[in-house]
Amino acid sequence: MAVDDVEYEPVSVKELLAEMKDTAELLIDLSYSAVLLGSDEVAEEVLELEATMDVLQLRARMGLLMAARNPEDAEALAPVLGVVGAAEKVSDAAGDIAKVVLEDIGLPDAMRAALPEAVETVVRAVIVPDSPFADRTLVDINLETETGVRAIAIRREGEWLFNPGPETTLRPDDVVLFRGSEEGIAEVYEDASGRAYVPPEPPEPGIDDLERAVDSIVHMKNMSELAVDLAYGAVLFDSDEVAEEVLELEAEVDALQSRFEAWTLQAASRVDDPVDLRGLVQLASATEVISDAALEISEGVLRGLGTHPVVAEAVRESDEVIVRLTVGPDSALAGTTLGEQMVKTETGMRVIAVRRAGAESERTGREGGSWVISPGPETELRPGDVLIAKGTRSGSDRLADLTGDEPADG
């Protein structure tokens, strides 16, 4: 449906916001996957989803305008409009990333080699008839729990299915995009396609300034995606502390972009054709927009306006849930690390932040109620630590069992 054809229809703003959140997050995954795979097909799907997002945001704005009947309503709904606009910004940025592929804008080999680190590893596999996955549902395969790998999209008979659910059946000849750690990807790719996974060859050492520019984009991408996750967590839990972390991440991305620009300009004098650096510039610009959008999502919390119930409900009901859990003193996680318990592999949940009561933050060095942002396998968990994690509803139940807590979702 063209944007010009959109007319007002009575529709749940909550459902629209949930769909916009899921679509925006999927667009980030798919746009970088299109660059990594050099796939025009995936890039085209990004643009189709971008058009869908345009329609969703128009309908959401119409619904919000109809709901505002007095100044108090307008004040309460203003942050909701910010969330709508931010999701659209993420969509537009993803479209710009996809155009790097569709318009054949050059990218250095170092960029394609570095992207797997930024998006975990994404691989395209065709399900062969004798695959152990053929004609089985994702829940039956137990893919995420067994391997930590997620199917993010399936193409079947020319049509794409995005965000496949646990009851989705994989069929022979399906083209599946899998995302996960390289170890898990190797196992899944071989089971799906019947062929051994061959990781991309690292490029030959190149120009130092260009390598630094590429590293900057990788860090910008990681920070921007984390900022989006934390921003939705901030509005779900109405947490000004989490919103402050989003603000800090956005400032770090801005600083990285400044360094990226300097290194790119220095590298331009040492490459054969500086025009070939346009792809890097477009990637960096789009990635910075995503971090700006994350800040807009959490702006209502930062300004003390609180979270409108419709936003919290939308985040709660989206495909990927965000939960808050406290590590119990006698739980399986107390006194161990995320890696030792294989939390991501066993539950499919990604812990995006840990709040430590009265401890020093590993990233900021602040005292008291501080946060460990983007914790790694070596992060030790202590009784009383509060985890914010993202993943499936079934995964959140498994993580709750490990913590000995009930999921808190706002």
# chains A, B, ... in the order shown; residues from 1 in each chain; ligands from 1
call {"tool": "residues_around", "arguments": {"residues": "Leu17 of chain A", "least_positions_apart": "3", "cutoff": "12 Å", "atoms": "only C-alpha atoms", "output": "ChimeraX atom specification"}}
result
/A:11-14,20-24,53,56-61,63-64,80-88,232,297,308-319
call {"tool": "write_last_selection", "arguments": {"atoms": "C-alpha atoms", "output": "PDB file, in the first residue's frame"}}
result
ATOM      1  CA  VAL A  11      -6.761   0.598  15.258  1.00  0.00           C
ATOM      2  CA  SER A  12      -4.887  -0.149  18.456  1.00  0.00           C
ATOM      3  CA  VAL A  13      -1.930   2.215  18.828  1.00  0.00           C
ATOM      4  CA  LYS A  14      -0.415  -0.326  21.187  1.00  0.00           C
ATOM      5  CA  MET A  20       6.970  -0.815  14.711  1.00  0.00           C
ATOM      6  CA  LYS A  21       9.398  -1.920  17.446  1.00  0.00           C
ATOM      7  CA  ASP A  22       9.720  -5.419  15.965  1.00  0.00           C
ATOM      8  CA  THR A  23      10.084  -4.042  12.444  1.00  0.00           C
ATOM      9  CA  ALA A  24      12.724  -1.490  13.447  1.00  0.00           C
ATOM     10  CA  MET A  53       7.124   1.236   8.422  1.00  0.00           C
ATOM     11  CA  LEU A  56       2.660   2.061  10.329  1.00  0.00           C
ATOM     12  CA  GLN A  57       3.978   5.401  11.563  1.00  0.00           C
ATOM     13  CA  LEU A  58       1.272   7.336   9.716  1.00  0.00           C
ATOM     14  CA  ARG A  59      -1.446   5.181  11.244  1.00  0.00           C
ATOM     15  CA  ALA A  60       0.111   5.501  14.685  1.00  0.00           C
ATOM     16  CA  ARG A  61       0.254   9.304  14.379  1.00  0.00           C
ATOM     17  CA  GLY A  63      -4.424   7.277  16.242  1.00  0.00           C
ATOM     18  CA  LEU A  64      -2.501   9.476  18.670  1.00  0.00           C
ATOM     19  CA  VAL A  80       4.671   8.411  22.452  1.00  0.00           C
ATOM     20  CA  LEU A  81       5.018  10.510  19.304  1.00  0.00           C
ATOM     21  CA  GLY A  82       8.744  10.568  20.011  1.00  0.00           C
ATOM     22  CA  VAL A  83       8.833   6.750  20.070  1.00  0.00           C
ATOM     23  CA  VAL A  84       6.925   6.640  16.762  1.00  0.00           C
ATOM     24  CA  GLY A  85       9.310   9.104  15.136  1.00  0.00           C
ATOM     25  CA  ALA A  86      12.352   7.275  16.490  1.00  0.00           C
ATOM     26  CA  ALA A  87      11.247   3.935  15.029  1.00  0.00           C
ATOM     27  CA  GLU A  88      10.788   5.635  11.670  1.00  0.00           C
ATOM     28  CA  TYR A 232      13.074   0.239  25.080  1.00  0.00           C
ATOM     29  CA  ILE A 297      12.843   6.717  22.452  1.00  0.00           C
ATOM     30  CA  HIS A 308       2.856   6.215  28.770  1.00  0.00           C
ATOM     31  CA  PRO A 309       1.115   2.874  29.482  1.00  0.00           C
ATOM     32  CA  VAL A 310       0.545   2.268  25.771  1.00  0.00           C
ATOM     33  CA  VAL A 311       4.309   2.274  25.114  1.00  0.00           C
ATOM     34  CA  ALA A 312       5.065  -0.079  28.003  1.00  0.00           C
ATOM     35  CA  GLU A 313       2.342  -2.457  26.821  1.00  0.00           C
ATOM     36  CA  ALA A 314       3.637  -2.340  23.244  1.00  0.00           C
ATOM     37  CA  VAL A 315       7.179  -3.230  24.351  1.00  0.00           C
ATOM     38  CA  ARG A 316       5.785  -5.975  26.583  1.00  0.00           C
ATOM     39  CA  GLU A 317       3.786  -7.537  23.741  1.00  0.00           C
ATOM     40  CA  SER A 318       6.387  -7.313  20.972  1.00  0.00           C
ATOM     41  CA  ASP A 319       7.976 -10.432  19.469  1.00  0.00           C
TER      42      ASP A 319
END
call {"tool": "select_by_dssp", "arguments": {"residues": "segment 78-327 of chain A", "states": "strand (DSSP E)", "output": "PyMOL selection string"}}
result
chain A and resi 121-126+136-137+150-156+159-162+169-170+175-180+321-326
call {"tool": "select_by_dssp", "arguments": {"residues": "segment 49-293 of chain A", "states": "alpha helix (DSSP H)", "output": "ChimeraX atom specification"}}
result
/A:49-67,71-102,109-118,138-141,143-147,182-193,208-237,240-268,278-293
call {"tool": "closest_atom_pairs", "arguments": {"of": "segment 19-74 of chain A", "to": "segment 162-173 of chain A", "cutoff": "12 Å", "atoms": "only C-alpha atoms", "output": "CSV"}}
result
residue,atom,partner,partner_atom,distance
A:Glu19,CA,A:Asn163,CA,11.3
A:Asp22,CA,A:Asn163,CA,8.4
A:Thr23,CA,A:Phe162,CA,9.1
A:Ala24,CA,A:Asn163,CA,11.8
A:Glu25,CA,A:Asn163,CA,10.2
A:Leu26,CA,A:Asn163,CA,7.5
A:Leu27,CA,A:Phe162,CA,10.0
A:Asp29,CA,A:Asn163,CA,10.7
A:Leu30,CA,A:Phe162,CA,9.6
A:Val42,CA,A:Phe162,CA,11.1
A:Glu45,CA,A:Phe162,CA,9.8
A:Val46,CA,A:Phe162,CA,10.8
A:Glu48,CA,A:Phe162,CA,12.0
A:Leu49,CA,A:Phe162,CA,10.0
call {"tool": "closest_residue", "arguments": {"among": "A:Glu50, A:Ala389, A:Val122, A:Met220", "to": "Glu182 of chain A", "atoms": "only C-alpha atoms"}}
result
A:Val122
call {"tool": "atom_distance", "arguments": {"atom1": "atom CA of Asn70 of chain A", "atom2": "atom CA of Leu236 of chain A"}}
result
25.1 Å
call {"tool": "closest_atom_pairs", "arguments": {"of": "segment 158-231 of chain A", "to": "segment 143-149 of chain A", "cutoff": "10 Å", "atoms": "only C-alpha atoms", "output": "Markdown table"}}
result
| residue | atom | partner | partner_atom | distance |
| --- | --- | --- | --- | --- |
| A:Pro166 | CA | A:Leu143 | CA | 9.4 |
| A:Phe178 | CA | A:Val149 | CA | 6.5 |
| A:Arg179 | CA | A:Val149 | CA | 5.5 |
| A:Gly180 | CA | A:Val149 | CA | 4.4 |
| A:Ser181 | CA | A:Val149 | CA | 7.0 |
| A:Glu182 | CA | A:Val149 | CA | 9.2 |
| A:Glu183 | CA | A:Thr147 | CA | 8.5 |
| A:Gly184 | CA | A:Thr147 | CA | 5.1 |
| A:Ile185 | CA | A:Val149 | CA | 6.5 |
| A:Ala186 | CA | A:Thr147 | CA | 9.9 |
| A:Glu187 | CA | A:Thr147 | CA | 7.9 |
| A:Val188 | CA | A:Thr147 | CA | 7.6 |
call {"tool": "write_last_selection", "arguments": {"atoms": "all heavy atoms", "output": "mmCIF file, in the first residue's frame"}}
result
data_model
loop_
_atom_site.group_PDB
_atom_site.id
_atom_site.type_symbol
_atom_site.label_atom_id
_atom_site.label_comp_id
_atom_site.auth_asym_id
_atom_site.auth_seq_id
_atom_site.Cartn_x
_atom_site.Cartn_y
_atom_site.Cartn_z
ATOM 1 N N PRO A 166 8.247 -19.941 16.969
ATOM 2 C CA PRO A 166 8.597 -21.318 17.340
ATOM 3 C C PRO A 166 7.824 -22.379 16.567
ATOM 4 O O PRO A 166 8.312 -23.494 16.382
ATOM 5 C CB PRO A 166 8.285 -21.376 18.842
ATOM 6 C CG PRO A 166 7.413 -20.201 19.126
ATOM 7 C CD PRO A 166 7.771 -19.161 18.123
ATOM 8 N N PHE A 178 20.452 -17.326 9.177
ATOM 9 C CA PHE A 178 20.722 -17.667 10.569
ATOM 10 C C PHE A 178 21.683 -16.654 11.162
ATOM 11 O O PHE A 178 22.602 -16.188 10.491
ATOM 12 C CB PHE A 178 21.365 -19.056 10.667
ATOM 13 C CG PHE A 178 20.459 -20.196 10.280
ATOM 14 C CD1 PHE A 178 20.650 -20.868 9.083
ATOM 15 C CD2 PHE A 178 19.439 -20.607 11.120
ATOM 16 C CE1 PHE A 178 19.828 -21.932 8.724
ATOM 17 C CE2 PHE A 178 18.620 -21.672 10.773
ATOM 18 C CZ PHE A 178 18.811 -22.341 9.574
ATOM 19 N N ARG A 179 21.487 -16.362 12.449
ATOM 20 C CA ARG A 179 22.355 -15.410 13.138
ATOM 21 C C ARG A 179 22.784 -15.982 14.477
ATOM 22 O O ARG A 179 21.957 -16.520 15.224
ATOM 23 C CB ARG A 179 21.630 -14.078 13.360
ATOM 24 C CG ARG A 179 22.404 -13.098 14.242
ATOM 25 C CD ARG A 179 21.634 -11.830 14.489
ATOM 26 N NE ARG A 179 22.336 -10.978 15.441
ATOM 27 C CZ ARG A 179 21.958 -9.768 15.781
ATOM 28 N NH1 ARG A 179 20.883 -9.245 15.249
ATOM 29 N NH2 ARG A 179 22.639 -9.056 16.640
ATOM 30 N N GLY A 180 24.073 -15.890 14.795
ATOM 31 C CA GLY A 180 24.552 -16.368 16.078
ATOM 32 C C GLY A 180 26.062 -16.339 16.141
ATOM 33 O O GLY A 180 26.725 -15.725 15.298
ATOM 34 N N SER A 181 26.620 -17.010 17.143
ATOM 35 C CA SER A 181 28.067 -17.078 17.271
ATOM 36 C C SER A 181 28.627 -17.946 16.148
ATOM 37 O O SER A 181 27.936 -18.798 15.591
ATOM 38 C CB SER A 181 28.456 -17.683 18.620
ATOM 39 O OG SER A 181 28.062 -19.054 18.669
ATOM 40 N N GLU A 182 29.915 -17.728 15.823
ATOM 41 C CA GLU A 182 30.507 -18.485 14.720
ATOM 42 C C GLU A 182 30.519 -19.984 15.017
ATOM 43 O O GLU A 182 30.326 -20.802 14.118
ATOM 44 C CB GLU A 182 31.922 -17.982 14.435
ATOM 45 C CG GLU A 182 32.482 -18.515 13.137
ATOM 46 C CD GLU A 182 33.549 -17.599 12.541
ATOM 47 O OE1 GLU A 182 33.211 -16.469 12.139
ATOM 48 O OE2 GLU A 182 34.709 -18.029 12.505
ATOM 49 N N GLU A 183 30.718 -20.365 16.292
ATOM 50 C CA GLU A 183 30.719 -21.781 16.637
ATOM 51 C C GLU A 183 29.346 -22.401 16.371
ATOM 52 O O GLU A 183 29.232 -23.475 15.773
ATOM 53 C CB GLU A 183 31.097 -21.974 18.106
ATOM 54 C CG GLU A 183 32.507 -21.550 18.459
ATOM 55 C CD GLU A 183 32.642 -20.044 18.644
ATOM 56 O OE1 GLU A 183 31.611 -19.347 18.625
ATOM 57 O OE2 GLU A 183 33.778 -19.568 18.799
ATOM 58 N N GLY A 184 28.287 -21.720 16.835
ATOM 59 C CA GLY A 184 26.946 -22.243 16.614
ATOM 60 C C GLY A 184 26.561 -22.233 15.148
ATOM 61 O O GLY A 184 25.921 -23.166 14.650
ATOM 62 N N ILE A 185 26.960 -21.166 14.436
ATOM 63 C CA ILE A 185 26.646 -21.055 13.013
ATOM 64 C C ILE A 185 27.250 -22.207 12.226
ATOM 65 O O ILE A 185 26.613 -22.767 11.319
ATOM 66 C CB ILE A 185 27.145 -19.701 12.459
ATOM 67 C CG1 ILE A 185 26.205 -18.576 12.870
ATOM 68 C CG2 ILE A 185 27.288 -19.747 10.946
ATOM 69 C CD1 ILE A 185 24.862 -18.573 12.178
ATOM 70 N N ALA A 186 28.471 -22.583 12.547
ATOM 71 C CA ALA A 186 29.129 -23.670 11.814
ATOM 72 C C ALA A 186 28.326 -24.957 11.915
ATOM 73 O O ALA A 186 28.117 -25.666 10.913
ATOM 74 C CB ALA A 186 30.547 -23.878 12.354
ATOM 75 N N GLU A 187 27.839 -25.257 13.111
ATOM 76 C CA GLU A 187 27.053 -26.474 13.320
ATOM 77 C C GLU A 187 25.708 -26.393 12.590
ATOM 78 O O GLU A 187 25.301 -27.335 11.906
ATOM 79 C CB GLU A 187 26.830 -26.679 14.820
ATOM 80 C CG GLU A 187 25.929 -27.855 15.164
ATOM 81 C CD GLU A 187 25.627 -27.919 16.652
ATOM 82 O OE1 GLU A 187 26.319 -27.240 17.441
ATOM 83 O OE2 GLU A 187 24.683 -28.645 17.029
ATOM 84 N N VAL A 188 25.021 -25.261 12.729
ATOM 85 C CA VAL A 188 23.701 -25.110 12.122
ATOM 86 C C VAL A 188 23.787 -25.114 10.599
ATOM 87 O O VAL A 188 22.969 -25.736 9.913
ATOM 88 C CB VAL A 188 23.037 -23.811 12.635
ATOM 89 C CG1 VAL A 188 21.784 -23.479 11.826
ATOM 90 C CG2 VAL A 188 22.702 -23.944 14.111
#
call {"tool": "residues_around", "arguments": {"residues": "Val321 of chain A", "least_positions_apart": "4", "cutoff": "6 Å", "atoms": "only C-alpha atoms", "output": "CSV table (one decimal) with N, CA and C atoms, in the first residue's frame"}}
result
chain,number,residue,atom,x,y,z
A,316,ARG,N,6.0,-4.7,25.9
A,316,ARG,CA,5.8,-6.0,26.6
A,316,ARG,C,5.2,-7.0,25.6
A,390,LYS,N,17.0,-9.7,26.9
A,390,LYS,CA,16.1,-9.6,25.7
A,390,LYS,C,16.0,-10.9,25.0
A,391,GLY,N,14.8,-11.3,24.6
A,391,GLY,CA,14.7,-12.6,23.8
A,391,GLY,C,13.3,-13.0,23.7
A,392,THR,N,13.1,-14.3,23.6
A,392,THR,CA,11.7,-14.9,23.5
A,392,THR,C,11.1,-15.1,24.9
